[in-house]
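S.K.: My structure is stored as work-v4.cif, with mmCIF, C-alpha atoms and all ligand atoms.
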```
data_model
#
loop_
_atom_site.label_atom_id
_atom_site.label_comp_id
_atom_site.auth_asym_id
_atom_site.auth_seq_id
_atom_site.Cartn_x
_atom_site.Cartn_y
_atom_site.Cartn_z
CA MET A 1 -62.99 17.58 77.28
CA PRO A 2 -66.12 19.73 77.16
CA MET A 3 -65.58 23.28 78.39
CA GLN A 4 -66.62 23.95 81.97
CA ALA A 5 -67.37 27.04 84.01
CA LEU A 6 -64.36 28.65 85.72
CA PRO A 7 -63.57 27.40 89.25
CA GLY A 8 -65.84 29.06 91.79
CA PHE A 9 -68.41 30.13 89.16
CA ARG A 10 -71.79 28.45 88.92
CA ASP A 11 -74.02 27.45 86.02
CA PHE A 12 -77.65 27.97 86.94
CA LEU A 13 -79.61 25.11 85.36
CA PRO A 14 -83.40 25.35 85.71
CA PRO A 15 -83.60 23.86 89.24
CA GLU A 16 -80.86 26.21 90.48
CA CYS A 17 -82.51 29.15 88.73
CA ALA A 18 -85.83 28.32 90.40
CA ALA A 19 -84.09 28.19 93.79
CA ARG A 20 -82.37 31.50 93.10
CA ASN A 21 -85.66 33.15 92.11
CA TYR A 22 -87.25 31.83 95.28
CA VAL A 23 -84.46 33.31 97.42
CA PHE A 24 -84.62 36.68 95.64
CA ALA A 25 -88.44 36.84 95.92
CA ASN A 26 -88.30 36.20 99.69
CA TRP A 27 -85.53 38.74 100.16
CA ARG A 28 -87.51 41.41 98.26
CA ASN A 29 -90.73 40.62 100.03
CA VAL A 30 -89.35 40.92 103.58
CA ALA A 31 -87.13 43.96 102.82
CA ARG A 32 -90.19 45.76 101.47
CA ARG A 33 -92.21 44.78 104.53
CA TYR A 34 -89.63 46.76 106.53
CA GLY A 35 -90.05 49.80 104.29
CA PHE A 36 -86.80 49.36 102.32
CA ILE A 37 -86.66 50.43 98.67
CA GLU A 38 -84.56 48.85 95.96
CA TRP A 39 -81.51 50.33 94.21
CA ASP A 40 -78.41 49.01 92.44
CA GLY A 41 -74.94 50.12 91.34
CA PRO A 42 -72.49 49.06 88.60
CA VAL A 43 -70.67 45.69 88.78
CA LEU A 44 -67.42 47.34 87.70
CA GLU A 45 -65.85 50.12 89.78
CA SER A 46 -62.54 51.90 89.99
CA THR A 47 -60.10 49.70 91.93
CA GLU A 48 -59.28 52.78 94.01
CA LEU A 49 -62.73 52.68 95.63
CA TYR A 50 -61.88 49.36 97.33
CA ARG A 51 -58.24 50.25 98.04
CA LYS A 52 -59.47 53.28 99.91
CA LYS A 53 -62.06 51.56 102.04
CA SER A 54 -62.57 47.83 102.14
CA GLY A 55 -59.39 46.66 103.89
CA VAL A 56 -56.47 44.51 102.71
CA GLU A 57 -58.26 41.16 102.71
CA ILE A 58 -60.83 42.19 100.12
CA VAL A 59 -58.28 44.07 97.99
CA ASP A 60 -56.17 40.90 97.76
CA GLN A 61 -59.25 39.07 96.47
CA LEU A 62 -60.21 41.51 93.73
CA PHE A 63 -60.86 40.43 90.17
CA HIS A 64 -59.20 43.48 88.64
CA PHE A 65 -57.70 44.58 85.33
CA VAL A 66 -56.73 47.62 83.31
CA ASP A 67 -59.45 48.51 80.81
CA LYS A 68 -58.92 49.80 77.25
CA GLY A 69 -58.99 53.36 78.53
CA GLU A 70 -56.06 52.50 80.86
CA ARG A 71 -58.29 52.68 83.94
CA GLU A 72 -57.66 50.32 86.83
CA VAL A 73 -61.02 48.65 87.38
CA ALA A 74 -62.37 45.88 89.60
CA MET A 75 -65.45 43.63 89.65
CA ARG A 76 -67.35 44.58 92.78
CA PRO A 77 -66.45 42.35 95.76
CA GLU A 78 -69.10 44.06 97.95
CA LEU A 79 -71.64 46.87 97.69
CA THR A 80 -70.89 49.12 100.66
CA PRO A 81 -68.20 51.35 99.04
CA THR A 82 -70.49 51.87 96.01
CA LEU A 83 -73.36 52.74 98.34
CA ALA A 84 -71.24 55.29 100.19
CA ARG A 85 -70.11 56.80 96.87
CA VAL A 86 -73.69 57.02 95.55
CA VAL A 87 -75.10 58.35 98.81
CA ALA A 88 -72.40 61.05 99.03
CA ALA A 89 -73.42 62.22 95.53
CA HIS A 90 -77.22 61.97 95.83
CA GLU A 91 -78.25 62.12 99.47
CA ARG A 92 -79.75 65.59 99.15
CA GLU A 93 -82.40 64.22 96.78
CA TYR A 94 -83.81 61.91 99.48
CA LYS A 95 -85.38 62.25 102.89
CA LYS A 96 -83.42 60.67 105.73
CA PRO A 97 -83.09 58.07 106.85
CA LEU A 98 -82.60 56.23 103.58
CA LYS A 99 -83.62 52.59 103.85
CA TRP A 100 -82.22 50.95 100.75
CA PHE A 101 -81.85 47.33 99.66
CA SER A 102 -80.17 45.76 96.67
CA ILE A 103 -79.78 42.26 95.21
CA GLY A 104 -76.76 41.60 93.02
CA GLN A 105 -73.76 39.46 92.16
CA PHE A 106 -70.33 39.96 93.72
CA PHE A 107 -66.88 38.62 92.87
CA ARG A 108 -64.00 37.64 95.12
CA TYR A 109 -60.97 35.60 94.12
CA GLU A 110 -61.11 33.36 97.19
CA LYS A 111 -59.81 29.87 97.77
CA GLN A 112 -62.81 27.78 96.80
CA GLN A 113 -64.26 25.83 99.73
CA ARG A 114 -67.62 24.89 101.18
CA GLY A 115 -69.75 28.04 101.33
CA ARG A 116 -67.15 30.15 99.53
CA LEU A 117 -67.16 30.64 95.77
CA ARG A 118 -65.67 33.23 93.44
CA GLU A 119 -69.06 34.71 92.67
CA HIS A 120 -72.09 34.92 94.89
CA TYR A 121 -75.29 36.90 95.26
CA GLN A 122 -75.98 39.18 98.18
CA LEU A 123 -78.94 40.98 99.55
CA ASN A 124 -77.67 44.28 101.00
CA CYS A 125 -79.87 46.30 103.36
CA ASP A 126 -78.58 49.64 104.62
CA ILE A 127 -79.96 52.52 106.67
CA ILE A 128 -78.28 55.88 106.02
CA GLY A 129 -78.68 59.00 108.12
CA GLU A 130 -79.68 57.61 111.51
CA GLY A 131 -77.17 57.45 114.34
CA SER A 132 -79.32 56.02 117.15
CA LEU A 133 -79.27 52.41 118.29
CA ALA A 134 -82.95 52.20 117.28
CA ALA A 135 -81.65 51.75 113.70
CA ASP A 136 -79.24 48.97 114.74
CA ILE A 137 -82.11 47.15 116.45
CA GLU A 138 -84.36 47.59 113.39
CA LEU A 139 -81.67 46.19 111.10
CA ILE A 140 -81.03 43.13 113.27
CA ALA A 141 -84.80 42.50 113.46
CA LEU A 142 -84.80 42.61 109.66
CA VAL A 143 -82.01 40.05 109.30
CA ILE A 144 -83.92 37.72 111.66
CA ASP A 145 -87.21 38.13 109.78
CA LEU A 146 -85.49 37.54 106.44
CA LEU A 147 -84.34 34.15 107.67
CA ARG A 148 -87.70 33.40 109.26
CA GLY A 149 -89.21 34.11 105.85
CA PHE A 150 -87.40 30.99 104.62
CA GLY A 151 -88.97 28.85 107.35
CA LEU A 152 -85.82 28.96 109.53
CA ARG A 153 -86.33 29.11 113.29
CA GLU A 154 -84.37 30.01 116.44
CA GLY A 155 -83.07 26.46 116.57
CA ASP A 156 -81.59 26.85 113.09
CA PHE A 157 -79.59 30.09 113.25
CA VAL A 158 -78.20 32.69 115.65
CA VAL A 159 -77.23 36.36 115.24
CA ARG A 160 -74.02 37.02 117.16
CA ILE A 161 -73.91 40.69 118.12
CA SER A 162 -70.88 42.68 119.13
CA ASP A 163 -69.62 46.26 119.34
CA ARG A 164 -66.38 47.52 117.86
CA GLN A 165 -66.49 50.30 120.44
CA PHE A 166 -66.20 47.66 123.16
CA TRP A 167 -62.79 46.80 121.69
CA THR A 168 -61.64 50.30 120.78
CA GLU A 169 -62.40 51.38 124.34
CA LEU A 170 -60.36 48.47 125.70
CA LEU A 171 -57.49 49.36 123.35
CA ARG A 172 -57.63 53.01 124.35
CA ASN A 173 -57.50 52.00 128.02
CA GLN A 174 -54.50 49.82 127.26
CA GLY A 175 -52.79 52.84 125.71
CA VAL A 176 -52.70 51.39 122.17
CA ALA A 177 -52.24 54.05 119.49
CA GLU A 178 -55.26 54.53 117.20
CA ASP A 179 -53.36 53.65 114.04
CA LYS A 180 -52.72 50.16 115.50
CA TRP A 181 -56.40 49.38 116.24
CA GLN A 182 -57.21 47.99 112.82
CA GLU A 183 -54.38 45.49 113.02
CA VAL A 184 -55.45 44.26 116.47
CA LEU A 185 -59.10 44.01 115.35
CA GLY A 186 -57.90 41.91 112.41
CA VAL A 187 -56.23 39.45 114.81
CA ILE A 188 -59.40 39.25 116.95
CA ASP A 189 -61.47 38.65 113.80
CA LYS A 190 -59.27 35.68 112.86
CA SER A 191 -58.97 34.31 116.42
CA GLU A 192 -61.82 31.79 116.04
CA ARG A 193 -60.12 30.20 113.05
CA GLU A 194 -56.67 30.06 114.68
CA SER A 195 -55.17 28.39 117.75
CA PRO A 196 -55.04 30.41 121.01
CA GLU A 197 -51.23 30.25 120.82
CA GLN A 198 -51.18 31.79 117.34
CA THR A 199 -53.53 34.56 118.46
CA ALA A 200 -51.54 35.26 121.63
CA GLN A 201 -48.33 35.40 119.65
CA LYS A 202 -49.76 37.93 117.19
CA LEU A 203 -51.14 40.06 120.03
CA GLY A 204 -47.80 40.31 121.82
CA GLY A 205 -48.12 42.55 124.90
CA LEU A 206 -51.92 42.73 124.50
CA ALA A 207 -52.38 38.96 124.66
CA ALA A 208 -53.36 38.80 128.34
CA PRO A 209 -56.25 41.31 128.45
CA ILE A 210 -57.62 40.35 125.03
CA THR A 211 -57.52 36.57 125.36
CA LYS A 212 -59.22 36.91 128.76
CA VAL A 213 -62.16 38.71 127.14
CA LEU A 214 -62.20 36.28 124.22
CA ALA A 215 -62.47 33.40 126.68
CA GLU A 216 -64.88 34.94 129.18
CA GLY A 217 -66.99 37.23 126.99
CA GLY A 218 -67.86 40.87 127.53
CA GLU A 219 -70.69 43.37 127.32
CA ASN A 220 -71.36 47.10 127.48
CA ASP A 221 -74.43 49.37 127.82
CA ARG A 222 -74.88 49.67 124.06
CA LEU A 223 -75.00 45.90 123.62
CA ARG A 224 -77.46 45.62 126.50
CA GLU A 225 -79.69 48.22 124.85
CA VAL A 226 -79.66 46.37 121.53
CA THR A 227 -80.52 42.99 123.07
CA ASP A 228 -83.18 44.62 125.19
CA GLY A 229 -84.77 46.23 122.11
CA LEU A 230 -84.84 42.84 120.40
CA ARG A 231 -86.31 41.22 123.50
CA GLY A 232 -89.12 43.78 123.38
CA ARG A 233 -89.92 42.55 119.87
CA GLY A 234 -89.92 38.92 120.96
CA LEU A 235 -86.69 38.21 119.10
CA ALA A 236 -84.29 37.58 121.99
CA ASP A 237 -84.06 33.85 121.28
CA PHE A 238 -82.47 34.55 117.91
CA VAL A 239 -79.49 36.54 119.20
CA SER A 240 -76.52 36.27 121.51
CA THR A 241 -73.98 38.89 122.59
CA ASP A 242 -70.57 37.76 121.45
CA VAL A 243 -67.64 40.16 121.40
CA ARG A 244 -65.52 37.67 119.46
CA ILE A 245 -67.25 39.09 116.37
CA VAL A 246 -65.45 42.17 115.01
CA ARG A 247 -65.91 41.72 111.20
CA GLY A 248 -63.08 41.63 108.68
CA LEU A 249 -63.93 44.81 106.79
CA ALA A 250 -62.09 47.95 107.83
CA TYR A 251 -64.90 50.51 107.83
CA TYR A 252 -67.07 49.38 110.77
CA THR A 253 -67.33 51.74 113.75
CA GLY A 254 -70.03 50.47 116.14
CA ILE A 255 -72.43 47.55 116.58
CA VAL A 256 -71.45 44.65 114.30
CA PHE A 257 -73.08 41.25 113.86
CA GLU A 258 -72.82 37.98 111.98
CA VAL A 259 -75.39 35.26 111.46
CA PHE A 260 -74.45 31.59 111.74
CA ASP A 261 -76.23 28.24 111.64
CA ARG A 262 -76.85 26.98 115.19
CA ALA A 263 -74.94 23.79 114.58
CA GLY A 264 -71.89 25.91 113.74
CA LYS A 265 -71.08 23.79 110.69
CA LEU A 266 -71.27 26.48 108.02
CA ARG A 267 -69.61 29.82 107.23
CA ALA A 268 -71.44 33.06 108.03
CA ILE A 269 -74.84 33.48 106.37
CA ALA A 270 -74.87 37.27 106.77
CA GLY A 271 -72.81 40.01 108.33
CA GLY A 272 -72.84 43.74 108.83
CA GLY A 273 -72.79 46.65 111.19
CA ARG A 274 -72.41 50.37 111.58
CA TYR A 275 -69.96 52.39 109.46
CA ASP A 276 -70.51 56.01 110.51
CA ASN A 277 -67.38 57.46 108.86
CA LEU A 278 -67.42 55.85 105.42
CA VAL A 279 -69.62 58.34 103.56
CA ASN A 280 -67.55 61.18 104.97
CA GLN A 281 -64.23 59.56 104.06
CA LEU A 282 -65.26 58.62 100.52
CA SER A 283 -66.60 62.08 99.78
CA ASP A 284 -63.57 63.81 101.36
CA GLY A 285 -65.90 65.45 103.84
CA ALA A 286 -68.50 66.67 101.29
CA ALA A 287 -71.22 64.57 102.92
CA SER A 288 -71.29 63.14 106.40
CA LEU A 289 -73.94 60.65 107.38
CA PRO A 290 -74.09 57.85 109.91
CA ALA A 291 -74.80 54.52 108.26
CA LEU A 292 -75.30 50.83 108.95
CA GLY A 293 -76.18 47.75 106.99
CA PHE A 294 -75.60 44.09 106.31
CA ALA A 295 -75.31 41.65 103.46
CA MET A 296 -76.73 38.13 103.30
CA GLY A 297 -75.18 35.73 100.79
CA ASP A 298 -77.05 33.13 98.75
CA VAL A 299 -74.48 30.32 99.02
CA VAL A 300 -74.49 29.51 102.74
CA LEU A 301 -78.19 30.37 102.98
CA GLY A 302 -78.86 27.79 100.25
CA GLU A 303 -76.86 25.17 102.18
CA LEU A 304 -78.78 25.85 105.39
CA ILE A 305 -82.15 25.68 103.61
CA GLY A 306 -81.07 22.38 102.04
CA GLU A 307 -80.16 20.94 105.45
CA THR A 308 -83.29 22.13 107.29
CA PRO A 309 -86.30 19.94 106.39
CA ALA A 310 -89.03 22.56 107.07
CA ALA A 311 -87.19 25.21 105.07
CA ARG A 312 -86.46 22.79 102.23
CA GLU A 313 -90.11 21.72 102.00
CA GLN A 314 -91.26 25.34 101.98
CA MET A 315 -88.86 26.06 99.11
CA GLU A 316 -89.89 22.99 97.13
CA SER A 317 -93.59 23.73 97.39
CA ALA A 318 -93.06 27.42 96.51
CA ILE A 319 -91.05 26.38 93.45
CA SER A 320 -93.63 23.91 92.20
CA ALA A 321 -96.41 26.46 92.71
CA GLU A 322 -94.39 28.91 90.59
CA ARG A 323 -94.21 26.57 87.59
CA ALA A 324 -95.14 28.43 84.44
CA VAL A 325 -97.24 25.78 82.72
CA GLN A 326 -100.73 25.41 84.11
CA VAL A 327 -102.41 23.93 81.07
CA TYR A 328 -101.07 21.37 78.61
CA VAL A 329 -102.95 21.14 75.32
CA ILE A 330 -103.05 17.64 73.91
CA ILE A 331 -103.50 17.34 70.17
CA ALA A 332 -105.01 13.86 69.78
CA LYS A 333 -105.99 14.39 66.11
CA GLU A 334 -103.66 16.40 63.88
CA GLU A 335 -106.72 17.84 62.01
CA ARG A 336 -107.51 19.74 65.22
CA ARG A 337 -104.05 21.36 65.53
CA ARG A 338 -105.26 24.67 64.07
CA ASP A 339 -108.25 24.85 66.45
CA ALA A 340 -106.04 23.84 69.36
CA LEU A 341 -103.52 26.59 68.61
CA ALA A 342 -106.28 29.20 68.44
CA GLN A 343 -107.24 28.16 72.01
CA VAL A 344 -103.59 28.10 73.17
CA GLN A 345 -103.28 31.67 71.95
CA LEU A 346 -106.50 32.76 73.63
CA LEU A 347 -105.58 31.21 77.00
CA ARG A 348 -102.10 32.75 76.92
CA GLU A 349 -103.56 36.16 76.09
CA HIS A 350 -105.66 35.80 79.22
CA GLY A 351 -102.60 35.19 81.38
CA PHE A 352 -102.47 31.38 81.64
CA GLY A 353 -99.26 29.41 81.25
CA VAL A 354 -99.92 27.00 78.35
CA ASP A 355 -97.77 24.52 76.45
CA TYR A 356 -98.43 21.97 73.66
CA PRO A 357 -96.42 19.63 71.38
CA LEU A 358 -94.73 21.51 68.52
CA ILE A 359 -94.79 18.42 66.30
CA PRO A 360 -97.15 15.40 66.05
CA MET A 361 -96.73 13.03 68.96
CA LYS A 362 -98.44 9.96 70.44
CA VAL A 363 -101.21 10.90 72.90
CA GLY A 364 -99.61 8.87 75.73
CA LYS A 365 -96.36 10.79 75.29
CA GLN A 366 -98.25 14.08 75.40
CA PHE A 367 -99.88 13.14 78.72
CA GLN A 368 -96.44 12.19 80.02
CA THR A 369 -95.06 15.61 79.04
CA ALA A 370 -98.03 17.30 80.73
CA GLU A 371 -97.21 15.45 83.97
CA GLN A 372 -93.49 16.21 83.72
CA LEU A 373 -94.20 19.90 83.25
CA GLY A 374 -96.38 19.87 86.36
CA ALA A 375 -99.44 21.07 84.42
CA ARG A 376 -102.60 21.15 86.48
CA SER A 377 -104.90 20.57 83.59
CA ALA A 378 -104.74 18.77 80.21
CA ILE A 379 -107.09 19.78 77.40
CA VAL A 380 -107.63 17.20 74.69
CA PHE A 381 -108.46 18.21 71.10
CA GLY A 382 -109.66 15.11 69.26
CA ASP A 383 -112.74 13.18 68.15
CA GLU A 384 -115.17 15.03 70.44
CA TRP A 385 -114.77 18.31 68.55
CA PRO A 386 -116.44 20.86 68.81
CA ASN A 387 -116.17 19.70 72.41
CA VAL A 388 -112.80 19.29 74.12
CA GLY A 389 -111.85 17.00 77.00
CA VAL A 390 -110.61 18.72 80.15
CA LYS A 391 -108.70 16.55 82.60
CA ASN A 392 -107.66 17.68 86.06
CA LEU A 393 -104.23 16.08 86.36
CA GLY A 394 -104.31 16.25 90.15
CA SER A 395 -107.62 14.47 90.79
CA GLY A 396 -107.92 12.63 87.47
CA GLU A 397 -111.43 14.08 87.04
CA GLN A 398 -112.49 14.59 83.38
CA LYS A 399 -115.27 16.41 81.58
CA LEU A 400 -116.29 17.55 78.11
CA VAL A 401 -116.52 21.29 77.46
CA GLU A 402 -117.79 23.09 74.36
CA HIS A 403 -114.65 24.72 72.85
CA GLN A 404 -116.16 28.22 72.96
CA GLU A 405 -116.74 27.74 76.70
CA LEU A 406 -113.15 26.64 77.31
CA LEU A 407 -111.72 30.00 78.38
CA SER A 408 -114.42 30.69 80.95
CA HIS A 409 -114.17 27.09 82.19
CA VAL A 410 -110.38 27.43 82.69
CA GLU A 411 -110.86 30.83 84.32
CA ARG A 412 -113.26 29.30 86.82
CA SER A 413 -111.16 26.24 87.60
CA LEU A 414 -107.62 27.65 87.61
CA THR A 415 -106.31 30.82 89.15
CA LYS A 416 -103.77 32.80 87.17
CA PRO A 417 -100.18 32.83 88.46
P1 LIG B 501 -69.29 40.19 104.09
O1 LIG B 501 -69.30 39.59 105.46
O2 LIG B 501 -67.95 40.28 103.41
O3 LIG B 501 -69.94 41.63 104.23
O4 LIG B 501 -70.27 39.38 103.16
C1 LIG B 501 -71.62 39.19 103.54
C2 LIG B 501 -72.06 37.75 103.27
O5 LIG B 501 -71.83 37.45 101.89
C3 LIG B 501 -71.28 36.68 104.02
O6 LIG B 501 -71.81 36.48 105.31
C4 LIG B 501 -71.45 35.47 103.13
O7 LIG B 501 -72.70 34.83 103.37
C5 LIG B 501 -71.51 36.08 101.75
N1 LIG B 501 -70.21 35.92 101.07
C6 LIG B 501 -69.13 36.72 101.14
N2 LIG B 501 -68.13 36.26 100.37
C7 LIG B 501 -68.58 35.12 99.81
C8 LIG B 501 -68.01 34.15 98.90
N3 LIG B 501 -66.79 34.28 98.42
N4 LIG B 501 -68.78 33.11 98.53
C9 LIG B 501 -70.03 32.97 99.01
N5 LIG B 501 -70.62 33.84 99.84
C10 LIG B 501 -69.90 34.90 100.25
C11 LIG B 501 -70.03 42.55 103.21
O8 LIG B 501 -69.88 42.29 102.06
C12 LIG B 501 -70.46 43.92 103.68
N6 LIG B 501 -70.34 44.84 102.55
C13 LIG B 501 -71.87 43.86 104.23
C14 LIG B 501 -72.42 45.20 104.62
C15 LIG B 501 -73.44 45.87 104.00
N7 LIG B 501 -71.99 45.96 105.60
C16 LIG B 501 -72.69 47.08 105.62
N8 LIG B 501 -73.58 47.03 104.65
#
```
Now that the file is in, can you turn its structure into structure tokens?
M.R.:
Amino acid sequence: MPMQALPGFRDFLPPECAARNYVFANWRNVARRYGFIEWDGPVLESTELYRKKSGVEIVDQLFHFVDKGEREVAMRPELTPTLARVVAAHEREYKKPLKWFSIGQFFRYEKQQRGRLREHYQLNCDIIGEGSLAADIELIALVIDLLRGFGLREGDFVVRISDRQFWTELLRNQGVAEDKWQEVLGVIDKSERESPEQTAQKLGGLAAPITKVLAEGGENDRLREVTDGLRGRGLADFVSTDVRIVRGLAYYTGIVFEVFDRAGKLRAIAGGGRYDNLVNQLSDGAASLPALGFAMGDVVLGELIGETPAAREQMESAISAERAVQVYVIIAKEERRRDALAQVQLLREHGFGVDYPLIPMKVGKQFQTAEQLGARSAIVFGDEWPNVGVKNLGSGEQKLVEHQELLSHVERSLTKP
């Protein structure tokens, strides 16, 4: 049996690589439009970083081992703890608020299922050092525009917005001790995937007030302010207030949100929220900054693009426009190979994507290759020398060009990538 990739890990063959590049380019483009700058951290961190802050679910899913220096290390399952660590160490070097984005690969030992793998890519966008709801609104506008950048519309996805403070207030009013909140929030987080009976059983004495809110919905002034801010930007149709969202990660403290496909068939496309205490906790009080952010994964996003015709067409045309080869040089007479290669070199030096047959080949086959590579133009070196034939592979139009004029002819007829 030929060797295969490990379960939950992907091989990126050229079509998948092209799709990945397309996703990354759109992510970068929109994040920059919002004034975010790029950063990155290491893929391997001390296991302690996640034990301290991510919550039990993620710690159970760690790919972790002891390295040769006897350190307990883990492949990063998410970026937020690294961000908090880096910000605590370097925040003084930057003006606040920081608006940082990052694109990288993350690893979680999850049960493999649709939309869930053991590695995935995320775009993370975080704002550090701003406590007002204006930052929450800005971040949610960004997540919406990122998805719109892929040709997705309000009929395709929805941002479900909630507030952890809505729940912590309710728990405080019910007299629940603060060290129990996390556990109750965990049950609420899972409630959509479990039966009402299971949820009620886990909630015990709190079942009545909580299941009532889960069934009927809830709101507070902060949530109204966020939706109102988004309405002012013309983005109200993309969001809904939904207190059933609490997020599985332990560090969130305020507004939280998750993005889903409208049809509700897929897992979450993105999720995030405010985590005002994390920087403080990770730096043992050395730095204290309010923070908020989200991550968008490539796996579910890819599924939604694939299922949405307008988004799929946009991706396909962007990918074919990105193709490297613009010109295919056809060597119809082997005596002309040397002259042809001099022109290949010249065109490449001037920024054009050019390919040609490495070994002698029938002319028909060479034209076939040119078509398969998506070349826009074929240049034939043969009997007409010192002229060469230039064929536009889109329109079929052909003309003869003096070989010394070839570069300026190509420059006029093709734009560089
Ligand atoms: P998260 O909800 O754990 O949040 O992950 C964010 C997104 O990454 C998910 O919505 C999903 O699309 C994708 N994702 C997560 N796990 C997998 C998986 N096993 N396979 C495929 N895709 C996956 C966080 O990671 C937070 N650190 C986000 C954040 C940033 N909060 C504040 N700043």
S.K.: Might you pull out every residue within 7 Å of Val259 (chain A), with all atoms listed in the file counted and same-chain residues fewer than 4 positions away left off, and present them as a ChimeraX atom specification?
M.R.: /A:157-160,268-271
S.K.: Have a look at CA of Gly41 (chain A) and CA of Arg76 (chain A) and let me know their distance in Å, one decimal.
M.R.: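 The value is 9.5 Å.
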S.K.: Please write out the residues within 8 Å of ligand LIG 501 (chain B) as an NGL selection string, counting all atoms listed in the file.
M.R.: :A and (77-81 or 106-110 or 112 or 115-122 or 124-126 or 247-249 or 252 or 258-259 or 267-275 or 292-301)
S.K.: So which residues touch Glu402 (chain A) within 7 Å, counting only C-alpha atoms, skipping near sequence neighbours fewer than 5 positions away, as a list in words?
M.R.: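 Returned residues: Pro386, Asn387 and Val388 of chain A.
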S.K.: So that I have them on file, write out the residues from the current selection with C-alpha atoms, as a JSON list (two decimals), keeping the file's coordinate frame.
M.R.:
```
[["chain", "number", "residue", "atom", "x", "y", "z"],
["A", 386, "PRO", "CA", -116.44, 20.86, 68.81],
["A", 387, "ASN", "CA", -116.17, 19.70, 72.41],
["A", 388, "VAL", "CA", -112.80, 19.29, 74.12]]
```
S.K.: May I ask which of the residues A:Leu289, A:Glu405, A:Ser195, A:Asp136 is the closest one to Lys96 (chain A), counting all atoms listed in the file?
M.R.: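 Among the listed residues, A:Leu289 lies closest to Lys96 (chain A).
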S.K.: Between CA of Thr211 (chain A) and CA of Ile58 (chain A), what is the distance in Å, rounded to a tenth?
M.R.: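 These two atoms are separated by 26.1 Å.
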S.K.: Identify the residues within 12 Å of coordinate (-83.6, 44.6, 116.3) (same frame as the file), considering all atoms listed in the file, and give the answer as a VMD selection string.
M.R.: chain A and resid 34 133 to 145 159 161 223 to 239 255 257
S.K.: Using all atoms listed in the file for the distances, tell me which of A:Gly149, A:Asn280, A:Phe9, A:Val246 is nearest to Lys190 (chain A).
M.R.: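 Residue with the minimum atom-to-atom distance to Lys190 (chain A): A:Val246.
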S.K.: Which one is closest to Ala88 (chain A): A:Thr241, A:Gln343, A:Gln201, A:Asn277? Count only C-alpha atoms.
M.R.: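 Nearest to Ala88 (chain A): A:Asn277.
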S.K.: Go ahead and compute the interatomic distance for CA of Gln398 (chain A) and CA of Ala378 (chain A), in Å to one decimal.
M.R.: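 CA of Ala378 (chain A) lies 9.4 Å from CA of Gln398 (chain A).
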S.K.: Pick the closest to Gly389 (chain A) from A:Ile330, A:Asp276, A:Arg376, A:Gln281: which is it, counting all atoms listed in the file?
M.R.: A:Ile330
S.K.: Please work out which residues fall within 10 Å of (-81.4, 27.4, 113.4), coordinates as given in the file, with all atoms listed in the file counting, and return them as a list in words.
M.R.: Leu147, Arg148, Gly151, Leu152, Arg153, Glu154, Gly155, Asp156, Phe157, Val158, Phe238, Phe260, Asp261, Arg262, Ala263, Gly264, Leu304, Ile305 and Thr308 of chain A
S.K.: Using all atoms listed in the file, which residue out of A:Asp179, A:Glu72, A:Asp284, A:Glu219 lies closest to Ser162 (chain A)?
M.R.: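 Closest to Ser162 (chain A) of all the choices is A:Glu219.
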S.K.: Excluding Gly351 (chain A) and its own-chain neighbours fewer than 2 positions away, which residues fall within 12 Å of it when counting only C-alpha atoms? Please give them as a PyMOL selection string.
M.R.: chain A and resi 324-327+344-349+353-354+407+410-411+414-417
S.K.: With distances taken over all atoms listed in the file, which of A:Val73, A:Leu6, A:Val279, A:Leu13 is nearest to Val86 (chain A)?
M.R.: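 When distances to Val86 (chain A) are compared using all atoms listed in the file, the smallest one comes from A:Val279.
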S.K.: Write out as a list in words each polymer residue whose atoms come within 12 Å of Leu98 (chain A), counting only C-alpha atoms; drop sequence neighbours fewer than 3 positions from it.
M.R.: Gly35, Phe36, Ile37, Glu38, Trp39, Leu83, Ala84, Val87, His90, Glu91, Arg92, Glu93, Tyr94, Lys95, Phe101, Cys125, Asp126, Ile127, Ile128, Gly129, Glu130, Ala135, Leu289, Pro290, Ala291, Leu292 and Gly293 of chain A
S.K.: Identify, on the basis of all atoms listed in the file, every residue whose closest approach to Ala74 (chain A) does not exceed 10 Å; exclude the query and any residue fewer than 5 positions from it along the same chain; express the result as a list in words.
M.R.: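 Contacts, with the query itself left out: Val43, Leu44, Glu45, Ser46, Thr47, Glu48, Leu49, Tyr50, Val59, Leu62, Phe63, His64, Phe65, Val66, Asp67 and Phe107 of chain A.
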S.K.: Complete the atoms of region 159-163 of chain A to N, CA and C atoms and put them out as an mmCIF file, keeping the file's coordinate frame.
M.R.:
```cif
data_model
loop_
_atom_site.group_PDB
_atom_site.id
_atom_site.type_symbol
_atom_site.label_atom_id
_atom_site.label_comp_id
_atom_site.auth_asym_id
_atom_site.auth_seq_id
_atom_site.Cartn_x
_atom_site.Cartn_y
_atom_site.Cartn_z
ATOM 1 N N VAL A 159 -77.914 35.114 115.586
ATOM 2 C CA VAL A 159 -77.230 36.360 115.240
ATOM 3 C C VAL A 159 -76.292 36.691 116.398
ATOM 4 N N ARG A 160 -75.004 36.696 116.123
ATOM 5 C CA ARG A 160 -74.020 37.020 117.160
ATOM 6 C C ARG A 160 -73.702 38.511 117.062
ATOM 7 N N ILE A 161 -74.008 39.227 118.147
ATOM 8 C CA ILE A 161 -73.910 40.690 118.120
ATOM 9 C C ILE A 161 -72.742 41.174 118.963
ATOM 10 N N SER A 162 -72.032 42.137 118.427
ATOM 11 C CA SER A 162 -70.880 42.680 119.130
ATOM 12 C C SER A 162 -70.797 44.184 118.901
ATOM 13 N N ASP A 163 -69.772 44.808 119.478
ATOM 14 C CA ASP A 163 -69.620 46.260 119.340
ATOM 15 C C ASP A 163 -68.144 46.574 119.161
#
```
